[in-house]
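Asker: Got a file for you: coords01.txt, compact mmCIF, C-alpha atoms.
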# COMPACT_ATOMS: atom_id res chain seq x y z
CA MET A 92 177.52 105.11 117.54
CA GLU A 93 173.91 106.33 117.77
CA THR A 94 175.04 109.63 119.31
CA VAL A 95 177.45 110.18 116.43
CA GLN A 96 174.66 109.47 113.93
CA ILE A 97 172.29 111.95 115.63
CA ILE A 98 174.99 114.65 115.59
CA GLY A 99 175.65 113.91 111.93
CA ILE A 100 171.95 114.23 111.05
CA LEU A 101 171.67 117.54 112.93
CA LEU A 102 174.75 118.86 111.13
CA VAL A 103 173.23 117.91 107.76
CA PHE A 104 170.05 119.84 108.60
CA ILE A 105 171.95 122.90 109.87
CA VAL A 106 174.44 123.01 106.98
CA PHE A 107 171.84 122.58 104.25
CA VAL A 108 169.41 125.08 105.77
CA GLY A 109 172.30 127.55 105.90
CA LEU A 110 173.23 126.86 102.28
CA MET A 111 169.63 127.36 101.14
CA MET A 112 169.14 130.52 103.20
CA THR A 113 172.31 132.09 101.82
CA ARG A 114 171.42 130.93 98.29
CA LYS A 115 174.66 129.01 98.00
CA LEU A 116 172.65 125.93 97.00
CA THR A 117 169.22 125.72 95.40
CA THR A 118 166.46 123.81 97.18
CA LEU A 119 166.05 121.79 93.99
CA LEU A 120 169.46 120.19 94.57
CA ALA A 121 169.61 120.46 98.36
CA LEU A 122 166.63 118.18 99.07
CA PRO A 123 167.83 115.04 97.22
CA MET A 124 171.37 115.58 98.52
CA MET A 125 170.03 115.76 102.08
CA ALA A 126 167.98 112.62 101.52
CA ILE A 127 171.05 110.66 100.39
CA LEU A 128 173.24 111.93 103.26
CA LEU A 129 170.61 111.30 105.95
CA ALA A 130 170.07 107.77 104.69
CA ALA A 131 173.82 107.10 104.53
CA ILE A 132 174.43 108.43 108.06
CA ALA A 133 171.64 106.20 109.40
CA GLY A 134 173.27 103.16 107.85
CA ILE A 135 170.91 102.52 104.95
CA PRO A 136 172.83 100.60 102.27
CA LEU A 137 173.34 102.02 98.82
CA LEU A 138 172.52 98.71 97.07
CA SER A 139 171.40 95.26 98.11
CA ASP A 140 170.93 91.87 96.46
CA ASN A 141 167.85 91.36 98.62
CA PRO A 142 164.85 92.92 96.81
CA ASP A 143 163.08 93.45 100.16
CA THR A 144 165.89 95.55 101.64
CA PHE A 145 165.31 99.32 101.80
CA THR A 146 168.24 100.94 99.99
CA ILE A 147 169.25 104.43 98.97
CA THR A 148 168.91 103.69 95.26
CA LYS A 149 165.61 101.82 95.43
CA GLY A 150 163.87 103.22 98.51
CA VAL A 151 165.10 106.82 98.69
CA LEU A 152 165.80 107.80 95.08
CA ALA A 153 163.46 105.64 92.97
CA GLY A 154 160.73 105.30 95.59
CA GLY A 155 160.99 108.93 96.70
CA ALA A 156 160.73 110.24 93.15
CA MET A 157 157.26 108.67 92.92
CA LYS A 158 156.16 109.32 96.50
CA LEU A 159 154.27 112.54 95.76
CA SER A 160 152.71 111.32 92.54
CA THR A 161 149.26 112.60 93.54
CA ALA A 162 150.64 116.06 94.28
CA ILE A 163 152.67 116.08 91.06
CA ALA A 164 149.60 115.16 89.01
CA GLY A 165 147.56 117.85 90.76
CA LEU A 166 150.24 120.45 90.04
CA ILE A 167 150.44 119.53 86.34
CA PHE A 168 146.68 119.61 85.82
CA GLY A 169 146.35 122.82 87.83
CA ALA A 170 148.93 124.50 85.61
CA TRP A 171 147.12 123.15 82.54
CA PHE A 172 143.85 124.66 83.75
CA GLY A 173 145.54 128.00 84.37
CA GLN A 174 146.89 128.09 80.84
CA ILE A 175 143.44 127.26 79.45
CA LEU A 176 141.94 130.20 81.36
CA SER A 177 144.66 132.43 79.94
CA LYS A 178 144.35 131.23 76.35
CA VAL A 179 140.58 131.63 76.13
CA GLY A 180 140.84 135.16 77.55
CA ILE A 181 139.17 134.64 80.95
CA THR A 182 142.16 135.83 82.99
CA LYS A 183 142.49 139.07 81.03
CA THR A 184 138.73 139.66 81.04
CA ILE A 185 138.57 139.39 84.84
CA ILE A 186 141.36 141.95 85.21
CA ARG A 187 139.79 144.25 82.62
CA LYS A 188 136.39 144.05 84.32
CA ALA A 189 138.03 144.79 87.67
CA ALA A 190 139.66 147.92 86.24
CA GLU A 191 136.36 149.08 84.74
CA LEU A 192 134.52 148.46 88.00
CA ALA A 193 137.01 150.43 90.10
CA GLY A 194 137.04 153.43 87.78
CA ASP A 195 139.72 156.00 88.60
CA LYS A 196 139.90 155.49 92.37
CA PRO A 197 143.33 154.14 93.40
CA LEU A 198 142.24 152.44 96.64
CA ALA A 199 139.19 150.91 94.96
CA ILE A 200 141.38 149.68 92.10
CA ALA A 201 143.80 148.05 94.56
CA ILE A 202 141.04 146.29 96.51
CA ILE A 203 139.13 145.09 93.45
CA PHE A 204 142.31 143.87 91.77
CA PHE A 205 143.19 142.03 94.98
CA LEU A 206 139.82 140.26 94.98
CA ALA A 207 139.85 139.54 91.23
CA ALA A 208 143.42 138.25 91.22
CA SER A 209 142.65 136.06 94.26
CA VAL A 210 139.97 134.33 92.18
CA ILE A 211 142.41 133.86 89.30
CA PHE A 212 145.12 132.43 91.56
CA SER A 213 142.62 130.06 93.19
CA ALA A 214 142.39 128.37 89.79
CA ALA A 215 146.07 128.54 88.85
CA ASN A 216 149.23 129.78 90.50
CA GLY A 217 152.94 129.64 89.90
CA LEU A 218 155.35 132.16 88.44
CA GLY A 219 153.82 132.07 84.96
CA MET A 220 150.40 133.08 86.22
CA VAL A 221 151.86 135.74 88.53
CA ILE A 222 153.70 137.24 85.55
CA LEU A 223 150.57 137.14 83.41
CA VAL A 224 148.42 138.86 86.04
CA GLY A 225 151.17 141.22 87.16
CA THR A 226 152.08 142.52 83.71
CA ILE A 227 148.45 143.51 83.18
CA ALA A 228 147.39 144.66 86.66
CA ILE A 229 150.52 146.42 87.95
CA PRO A 230 150.76 149.02 85.13
CA ILE A 231 147.06 149.84 85.60
CA MET A 232 147.57 150.36 89.34
CA LEU A 233 150.69 152.47 88.78
CA THR A 234 148.95 154.64 86.22
CA ALA A 235 146.05 155.08 88.66
CA GLY A 236 148.49 156.57 91.16
CA LEU A 237 149.44 153.68 93.44
CA LYS A 238 153.07 153.42 94.54
CA PRO A 239 155.17 150.55 93.11
CA PHE A 240 155.37 148.79 96.49
CA VAL A 241 151.58 148.82 96.92
CA SER A 242 151.01 147.66 93.35
CA GLY A 243 153.32 144.69 93.84
CA LEU A 244 151.89 143.99 97.30
CA VAL A 245 148.38 143.60 95.87
CA VAL A 246 149.58 140.81 93.57
CA LEU A 247 151.59 139.13 96.36
CA LEU A 248 148.63 139.11 98.74
CA ALA A 249 146.22 137.90 96.06
CA ASN A 250 148.58 135.05 95.22
CA ALA A 251 148.72 134.00 98.88
CA VAL A 252 144.93 133.98 99.18
CA GLY A 253 144.55 132.13 95.90
CA VAL A 254 146.98 129.41 96.97
CA VAL A 255 144.81 128.66 100.02
CA PHE A 256 141.90 127.76 97.72
CA ASN A 257 143.93 126.27 94.86
CA VAL A 258 143.00 122.59 94.80
CA SER A 259 146.16 121.60 92.93
CA THR A 260 148.27 122.58 95.97
CA TRP A 261 146.22 120.52 98.41
CA ALA A 262 147.50 117.20 97.10
CA ILE A 263 150.85 117.58 98.83
CA TYR A 264 149.10 117.48 102.22
CA THR A 265 147.21 114.39 101.13
CA ASP A 266 150.43 112.66 100.08
CA VAL A 267 152.51 113.71 103.10
CA LEU A 268 149.95 113.62 105.92
CA LYS A 269 147.27 111.32 104.44
CA VAL A 270 144.55 113.91 105.07
CA PRO A 271 141.54 113.49 102.72
CA THR A 272 140.96 116.27 100.21
CA ASN A 273 137.48 117.07 101.53
CA THR A 274 138.95 117.53 105.02
CA ILE A 275 141.56 119.93 103.66
CA ALA A 276 138.79 121.84 101.88
CA SER A 277 136.64 122.06 105.01
CA TYR A 278 139.37 123.86 106.97
CA SER A 279 140.37 126.30 104.22
CA LEU A 280 138.47 129.24 105.69
CA VAL A 281 140.49 128.94 108.91
CA CYS A 282 143.60 129.69 106.86
CA ALA A 283 142.00 132.19 104.49
CA VAL A 284 139.72 134.55 106.43
CA PRO A 285 142.35 136.11 108.75
CA LEU A 286 144.71 136.40 105.78
CA ILE A 287 142.07 138.19 103.68
CA VAL A 288 141.19 140.59 106.51
CA ILE A 289 144.84 141.44 107.22
CA ALA A 290 145.53 141.79 103.48
CA LEU A 291 142.72 144.32 103.06
CA ILE A 292 143.94 146.29 106.09
CA MET A 293 147.48 146.28 104.65
CA ILE A 294 146.29 147.57 101.28
CA VAL A 295 144.32 150.39 102.89
CA TYR A 296 147.14 151.24 105.32
CA TYR A 297 149.96 151.38 102.77
CA THR A 298 147.85 153.17 100.16
CA ARG A 299 147.08 155.95 102.63
CA LYS A 300 150.44 155.95 104.44
CA ASP A 301 152.70 156.10 101.39
CA GLY A 302 150.42 158.45 99.51
CA LYS A 303 149.62 158.29 95.83
CA VAL A 304 151.36 159.69 92.82
CA ARG A 305 149.98 160.04 89.31
CA ARG A 306 152.34 158.49 86.82
CA ALA A 307 152.43 156.78 83.47
CA TRP A 308 153.86 153.29 83.05
CA ALA A 309 156.71 153.53 80.60
CA MET A 310 157.38 149.81 80.19
CA PRO A 311 155.49 148.42 77.17
CA LEU A 312 153.39 145.34 77.60
CA LYS A 313 154.61 142.14 75.99
CA PRO A 314 153.35 141.68 72.42
CA GLU A 315 151.20 138.71 73.37
CA PHE A 316 149.29 140.87 75.83
CA GLN A 317 148.86 143.69 73.35
CA ALA A 318 147.79 141.31 70.62
CA GLN A 319 145.00 139.93 72.77
CA ASP A 320 142.50 142.53 71.56
CA ASN A 321 140.16 144.24 73.98
CA LYS A 322 137.41 141.75 73.43
CA ASN A 323 136.03 140.19 76.59
CA VAL A 324 134.73 136.63 76.86
CA ARG A 325 131.05 136.26 77.73
CA ALA A 326 130.21 137.00 81.35
CA ILE A 327 129.04 133.48 82.24
CA ALA A 328 132.52 132.13 81.42
CA LEU A 329 134.01 134.16 84.27
CA ILE A 330 132.77 131.57 86.78
CA SER A 331 135.17 129.01 85.29
CA PRO A 332 138.07 129.59 87.75
CA LEU A 333 135.78 128.66 90.64
CA VAL A 334 134.49 125.38 89.16
CA PRO A 335 137.26 123.04 90.44
CA VAL A 336 137.16 124.62 93.90
CA LEU A 337 133.38 124.25 94.16
CA LEU A 338 133.49 120.64 92.93
CA VAL A 339 136.02 119.69 95.61
CA PHE A 340 134.27 121.68 98.36
CA PHE A 341 130.70 120.55 97.78
CA LEU A 342 130.79 117.35 95.73
CA LYS A 343 134.01 115.87 97.19
CA VAL A 344 135.42 115.32 93.69
CA ASP A 345 139.10 114.38 93.54
CA ILE A 346 141.54 117.07 92.42
CA VAL A 347 142.45 115.78 88.95
CA SER A 348 138.81 115.07 88.04
CA ALA A 349 137.76 118.50 89.32
CA VAL A 350 140.36 120.19 87.10
CA PHE A 351 139.25 118.11 84.09
CA MET A 352 135.64 119.17 84.66
CA GLY A 353 136.75 122.78 85.14
CA ALA A 354 138.58 122.68 81.80
CA LEU A 355 135.50 121.22 80.07
CA VAL A 356 133.21 123.88 81.57
CA THR A 357 135.67 126.58 80.52
CA LEU A 358 135.65 125.41 76.91
CA LEU A 359 131.87 125.08 76.83
CA LEU A 360 131.31 128.57 78.26
CA ALA A 361 134.10 130.41 76.41
CA THR A 362 133.82 128.46 73.12
CA PRO A 363 137.30 129.22 71.70
CA LYS A 364 137.79 128.79 67.95
CA ARG A 365 140.34 125.96 68.22
CA PRO A 366 139.50 124.09 71.44
CA PHE A 367 141.76 121.08 70.83
CA HIS A 368 144.72 123.33 70.10
CA VAL A 369 143.97 125.24 73.31
CA LEU A 370 143.95 121.99 75.31
CA SER A 371 147.19 120.61 73.86
CA SER A 372 149.23 123.82 73.90
CA ALA A 373 147.98 124.67 77.41
CA LEU A 374 149.23 121.33 78.72
CA VAL A 375 152.72 121.81 77.28
CA GLU A 376 153.02 125.41 78.46
CA GLY A 377 151.51 124.58 81.84
CA ILE A 378 154.14 121.91 82.47
CA GLN A 379 156.84 124.42 81.50
CA ASP A 380 155.42 126.87 84.06
CA VAL A 381 155.64 124.40 86.94
CA ALA A 382 158.80 122.54 85.95
CA GLY A 383 160.69 123.97 88.92
CA ALA A 384 157.92 123.04 91.36
CA LEU A 385 157.79 119.52 89.90
CA GLY A 386 161.51 119.16 90.53
CA LEU A 387 160.97 120.35 94.10
CA MET A 388 158.25 117.76 94.66
CA ILE A 389 160.53 114.97 93.47
CA GLY A 390 163.18 116.18 95.91
CA ILE A 391 160.61 116.46 98.71
CA GLY A 392 159.51 112.89 98.01
CA MET A 393 163.10 111.67 98.30
CA LEU A 394 163.58 113.55 101.58
CA LEU A 395 160.31 112.11 102.90
CA SER A 396 161.38 108.60 101.99
CA ALA A 397 164.66 109.14 103.81
CA VAL A 398 163.33 110.67 107.04
CA THR A 399 160.47 108.20 107.36
CA ALA A 400 162.72 105.17 106.82
CA PRO A 401 162.91 103.26 110.14
CA GLN A 402 166.69 103.72 110.41
CA VAL A 403 166.45 107.54 110.12
CA ALA A 404 163.14 108.00 111.93
CA SER A 405 164.41 106.14 115.00
CA LEU A 406 167.24 108.66 115.30
CA ILE A 407 165.20 111.82 114.63
CA GLN A 408 161.94 110.91 116.36
CA PRO A 409 163.17 111.45 119.96
CA LEU A 410 164.29 114.97 119.01
CA ILE A 411 160.97 115.76 117.33
CA GLU A 412 158.90 114.43 120.22
CA VAL A 413 160.52 116.95 122.57
CA ILE A 414 159.06 119.88 120.62
CA ILE A 415 155.65 118.41 119.70
CA PRO A 416 152.95 120.58 121.34
CA THR A 417 150.80 118.68 123.84
CA SER A 418 148.08 121.28 124.40
CA PRO A 419 146.15 123.80 122.28
CA LEU A 420 148.01 126.70 123.91
CA MET A 421 151.43 125.20 123.16
CA TYR A 422 150.26 124.35 119.64
CA ILE A 423 149.33 128.00 119.05
CA LEU A 424 152.51 129.39 120.62
CA VAL A 425 154.97 126.99 118.97
CA PHE A 426 153.73 127.36 115.42
CA THR A 427 153.06 131.11 115.71
CA LEU A 428 156.45 131.96 117.19
CA LEU A 429 158.28 129.63 114.80
CA SER A 430 156.31 130.70 111.71
CA PRO A 431 159.25 132.77 110.32
CA LEU A 432 161.03 129.42 109.89
CA ALA A 433 158.82 128.92 106.85
CA ILE A 434 160.81 131.50 104.89
CA TYR A 435 164.20 130.86 103.27
CA ARG A 436 163.13 127.23 102.67
CA GLY A 437 163.26 126.57 106.40
CA PRO A 438 161.98 123.62 108.46
CA LEU A 439 158.35 124.81 108.38
CA ASN A 440 158.24 125.29 104.62
CA VAL A 441 156.13 122.56 103.05
CA TRP A 442 158.10 123.08 99.81
CA GLY A 443 161.35 122.44 101.66
CA LEU A 444 162.17 120.67 104.91
CA GLY A 445 158.64 121.15 106.25
CA SER A 446 157.18 118.06 104.62
CA GLY A 447 159.70 115.76 106.28
CA ILE A 448 159.31 117.49 109.65
CA ALA A 449 155.50 117.29 109.39
CA ALA A 450 155.61 113.56 108.66
CA LEU A 451 157.75 113.00 111.74
CA ILE A 452 155.49 115.20 113.90
CA VAL A 453 152.47 113.13 112.89
CA ALA A 454 154.43 109.92 113.53
CA GLY A 455 155.21 111.34 116.97
CA GLY A 456 151.55 111.63 117.88
CA MET A 457 150.13 114.90 116.53
CA ALA A 458 146.81 114.64 114.71
CA PRO A 459 147.31 114.86 110.93
CA VAL A 460 144.63 117.57 110.65
CA ALA A 461 146.43 119.71 113.25
CA ALA A 462 149.75 119.32 111.41
CA MET A 463 148.09 120.09 108.08
CA LEU A 464 146.50 123.27 109.43
CA ALA A 465 149.73 124.47 111.02
CA LEU A 466 151.68 124.01 107.78
CA ARG A 467 149.01 125.67 105.65
CA ILE A 468 148.73 128.62 108.04
CA VAL A 469 152.47 129.34 108.28
CA SER A 470 152.69 129.01 104.49
CA ASN A 471 150.63 132.22 104.28
CA LEU A 472 153.59 134.08 105.76
CA GLN A 473 155.97 132.32 103.39
CA ALA A 474 153.85 133.06 100.31
CA VAL A 475 153.91 136.82 100.94
CA SER A 476 157.23 137.54 102.66
CA ASP A 477 159.80 134.97 101.53
CA PRO A 478 162.56 136.63 99.43
CA THR A 479 163.42 133.24 97.91
CA ASN A 480 160.01 132.95 96.20
CA SER A 481 160.36 133.30 92.45
CA HIS A 482 157.21 135.45 92.35
CA ASN A 483 158.60 137.80 95.03
CA VAL A 484 161.79 138.19 93.00
CA TRP A 485 159.89 138.89 89.78
CA ILE A 486 157.52 141.43 91.36
CA ALA A 487 160.40 143.28 93.05
CA ASP A 488 162.27 143.45 89.75
CA TYR A 489 159.20 144.45 87.73
CA THR A 490 158.19 147.26 90.13
CA LYS A 491 161.82 148.28 90.85
CA THR A 492 161.39 147.80 94.60
CA ASP A 493 163.67 146.23 97.21
CA ILE A 494 162.78 142.61 97.94
CA ILE A 495 164.16 142.85 101.50
CA GLU A 496 161.99 145.91 102.09
CA THR A 497 159.02 143.76 101.10
CA LEU A 498 160.08 141.19 103.70
CA ARG A 499 160.50 143.87 106.35
CA LYS A 500 157.17 145.54 105.65
CA THR A 501 155.05 142.42 105.27
CA LEU A 502 156.47 140.10 107.95
CA PRO A 503 154.81 141.76 111.01
CA TRP A 504 151.41 141.78 109.29
CA MET A 505 151.71 138.15 108.21
CA PHE A 506 152.78 137.20 111.72
CA VAL A 507 149.50 138.63 113.02
CA ALA A 508 147.52 136.76 110.35
CA VAL A 509 149.26 133.52 111.32
CA MET A 510 148.58 134.11 115.02
CA ILE A 511 144.85 134.68 114.45
CA SER A 512 144.52 131.57 112.27
CA MET A 513 146.52 129.49 114.74
CA ILE A 514 144.27 130.57 117.60
CA ILE A 515 141.23 129.43 115.62
CA ALA A 516 142.98 126.20 114.61
CA GLY A 517 143.97 125.51 118.21
CA MET A 518 140.36 125.83 119.35
CA ILE A 519 138.75 123.67 116.68
CA ALA A 520 141.30 121.18 115.39
CA PHE A 521 143.98 120.37 117.95
Let me see whether you can do it: turn the structure in this file into structure tokens.
Answerer:
Amino acid sequence: METVQIIGILLVFIVFVGLMMTRKLTTLLALPMMAILLAAIAGIPLLSDNPDTFTITKGVLAGGAMKLSTAIAGLIFGAWFGQILSKVGITKTIIRKAAELAGDKPLAIAIIFFLAASVIFSAANGLGMVILVGTIAIPIMLTAGLKPFVSGLVVLLANAVGVVFNVSTWAIYTDVLKVPTNTIASYSLVCAVPLIVIALIMIVYYTRKDGKVRRAWAMPLKPEFQAQDNKNVRAIALISPLVPVLLVFFLKVDIVSAVFMGALVTLLLATPKRPFHVLSSALVEGIQDVAGALGLMIGIGMLLSAVTAPQVASLIQPLIEVIIPTSPLMYILVFTLLSPLAIYRGPLNVWGLGSGIAALIVAGGMAPVAAMLALRIVSNLQAVSDPTNSHNVWIADYTKTDIIETLRKTLPWMFVAVMISMIIAGMIAF
């Protein structure tokens, strides 16, 4: 009977990964469906009269929906903060200042936009913020002579770097792996520095390799961007995106409190005319921006509840223990070579199956910090190269480039970035 259950669980994983990779089923629906099937195969009852019995309805669905409550709160408040930065004009001012600083030099424009956008994305990410930054920065880069692929690549790379430092994304590792926020913060440079170095090399390489062409950008900006006059906010307000990150790094403030303080500092420094309207409308629009990610987190929570239930874990754990690295060298090799499994919502994608796999790896004996680092590092590859990312799809459409070409051109570079970070992680954290 146990053998049949193990085969059934493996088939569920294989079938659903295939459905997600071929886009036959969205991850939003696949995760809760997997959770229900895994629990059912392992013999977990649907309902029970005994309130102490772990059931599919109570333990997997209801309990799982609330499992990542810390991460969900962090995501909501992070999106809120991003909308505040946008509404008071800080996001647009940073991009405008970057354009002025770079002048009319295409490579300089690309590098400075990469750095400026990385700061913006460290405060807020998600498709809404990528669209906001992209619709301002990409036309400027195109007009300066950069090719569409390079212009889109700059935004993709900046988003990946920003996510590493975005405190609202750290909460998922706290919920899944029980790693304290200050510990996550202390290892961020391990994930970020190789990525930044490789990103800068990529920008220089593709700018020079593909050449430059002077062109005008025919697509008009959205009215809301045109209506936001050319007035910049005062210079001191431009430090606002960094406030939550610095509070978490140096003062060990929790994520939600850090975002609250960042919002307060932003309002004090930018002094918008209607601050209470800014706060309320930013919250509503921020939640709209991350609605898809919130749905994913609920599904991830359900999957986590299912795979960590004793009935399911006892079946999967022996399989996981076989592949758990037992030395720094194996740790580096396994996660580097398997890093492409983070794309297409694969088993190393923390926004897909990766959270459940990570929980089982830690239960099998790996240090939570080592698992956290491995997931964060391979997510760099996913953030830049994954064709299923909504921001990859939007950038490819906006720049009229091929999304598979982006995967092909960026994957080798991101593989190198992952390898370098994994080598460092293997030496200091395994």
Asker: Might you pull out every residue within 9 Å of A:Ile391, with all atoms listed in the file counted and same-chain residues fewer than 4 positions away left off, and present them as a list of chain:residue names?
Answerer: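 Near A:Ile391, the qualifying residues are A:Leu119, A:Leu122, A:Pro123, A:Ala126, A:Gly155, A:Ala156, A:Lys158, A:Leu159, A:Gly386, A:Leu387, A:Leu395, A:Ser396, A:Val441, A:Trp442, A:Gly443, A:Leu444, A:Ser446, A:Gly447.
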Asker: When you draw a straight line from atom CA of A:Pro271 to atom CA of A:Phe145, how long is it in Å?
Answerer: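 These atoms are spaced 27.7 Å apart.
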Asker: If I take atom CA of A:Ala170 and atom CA of A:Trp485, how far is one from the other in Å, to one decimal?
Answerer: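 One can read the atom CA of A:Ala170 to atom CA of A:Trp485 distance as 18.6 Å.
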Asker: Produce a table with one row for each residue of stretch 368-468 of chain A that has an atom at most 8 Å from any atom of stretch 281-291 of chain A, each row naming the nearest atom pair and its distance in Å at one decimal; use all atoms listed in the file; arrange rows by chain and rising residue number; format as a tab-separated table.
Answerer:
residue	atom	partner	partner_atom	distance
A:Leu464	CA	A:Cys282	CA	7.5
A:Arg467	CA	A:Cys282	CA	6.8
A:Ile468	CA	A:Cys282	CA	5.4
Asker: Between atom CA of A:Pro503 and atom CA of A:Gly219, what is the spacing in Å?
Answerer: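 Interatomic distance here is 27.8 Å.
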Asker: Quick one: residues within 9 Å of stretch 255-264 of chain A, only C-alpha atoms, excluding same-chain residues fewer than 6 positions away - as a VMD selection string?
Answerer: chain A and resid 159 161 to 170 210 212 to 216 270 to 272 275 to 276 279 to 280 282 to 283 335 to 336 339 346 to 347 349 to 350 388 441 446 463 466 to 468 471
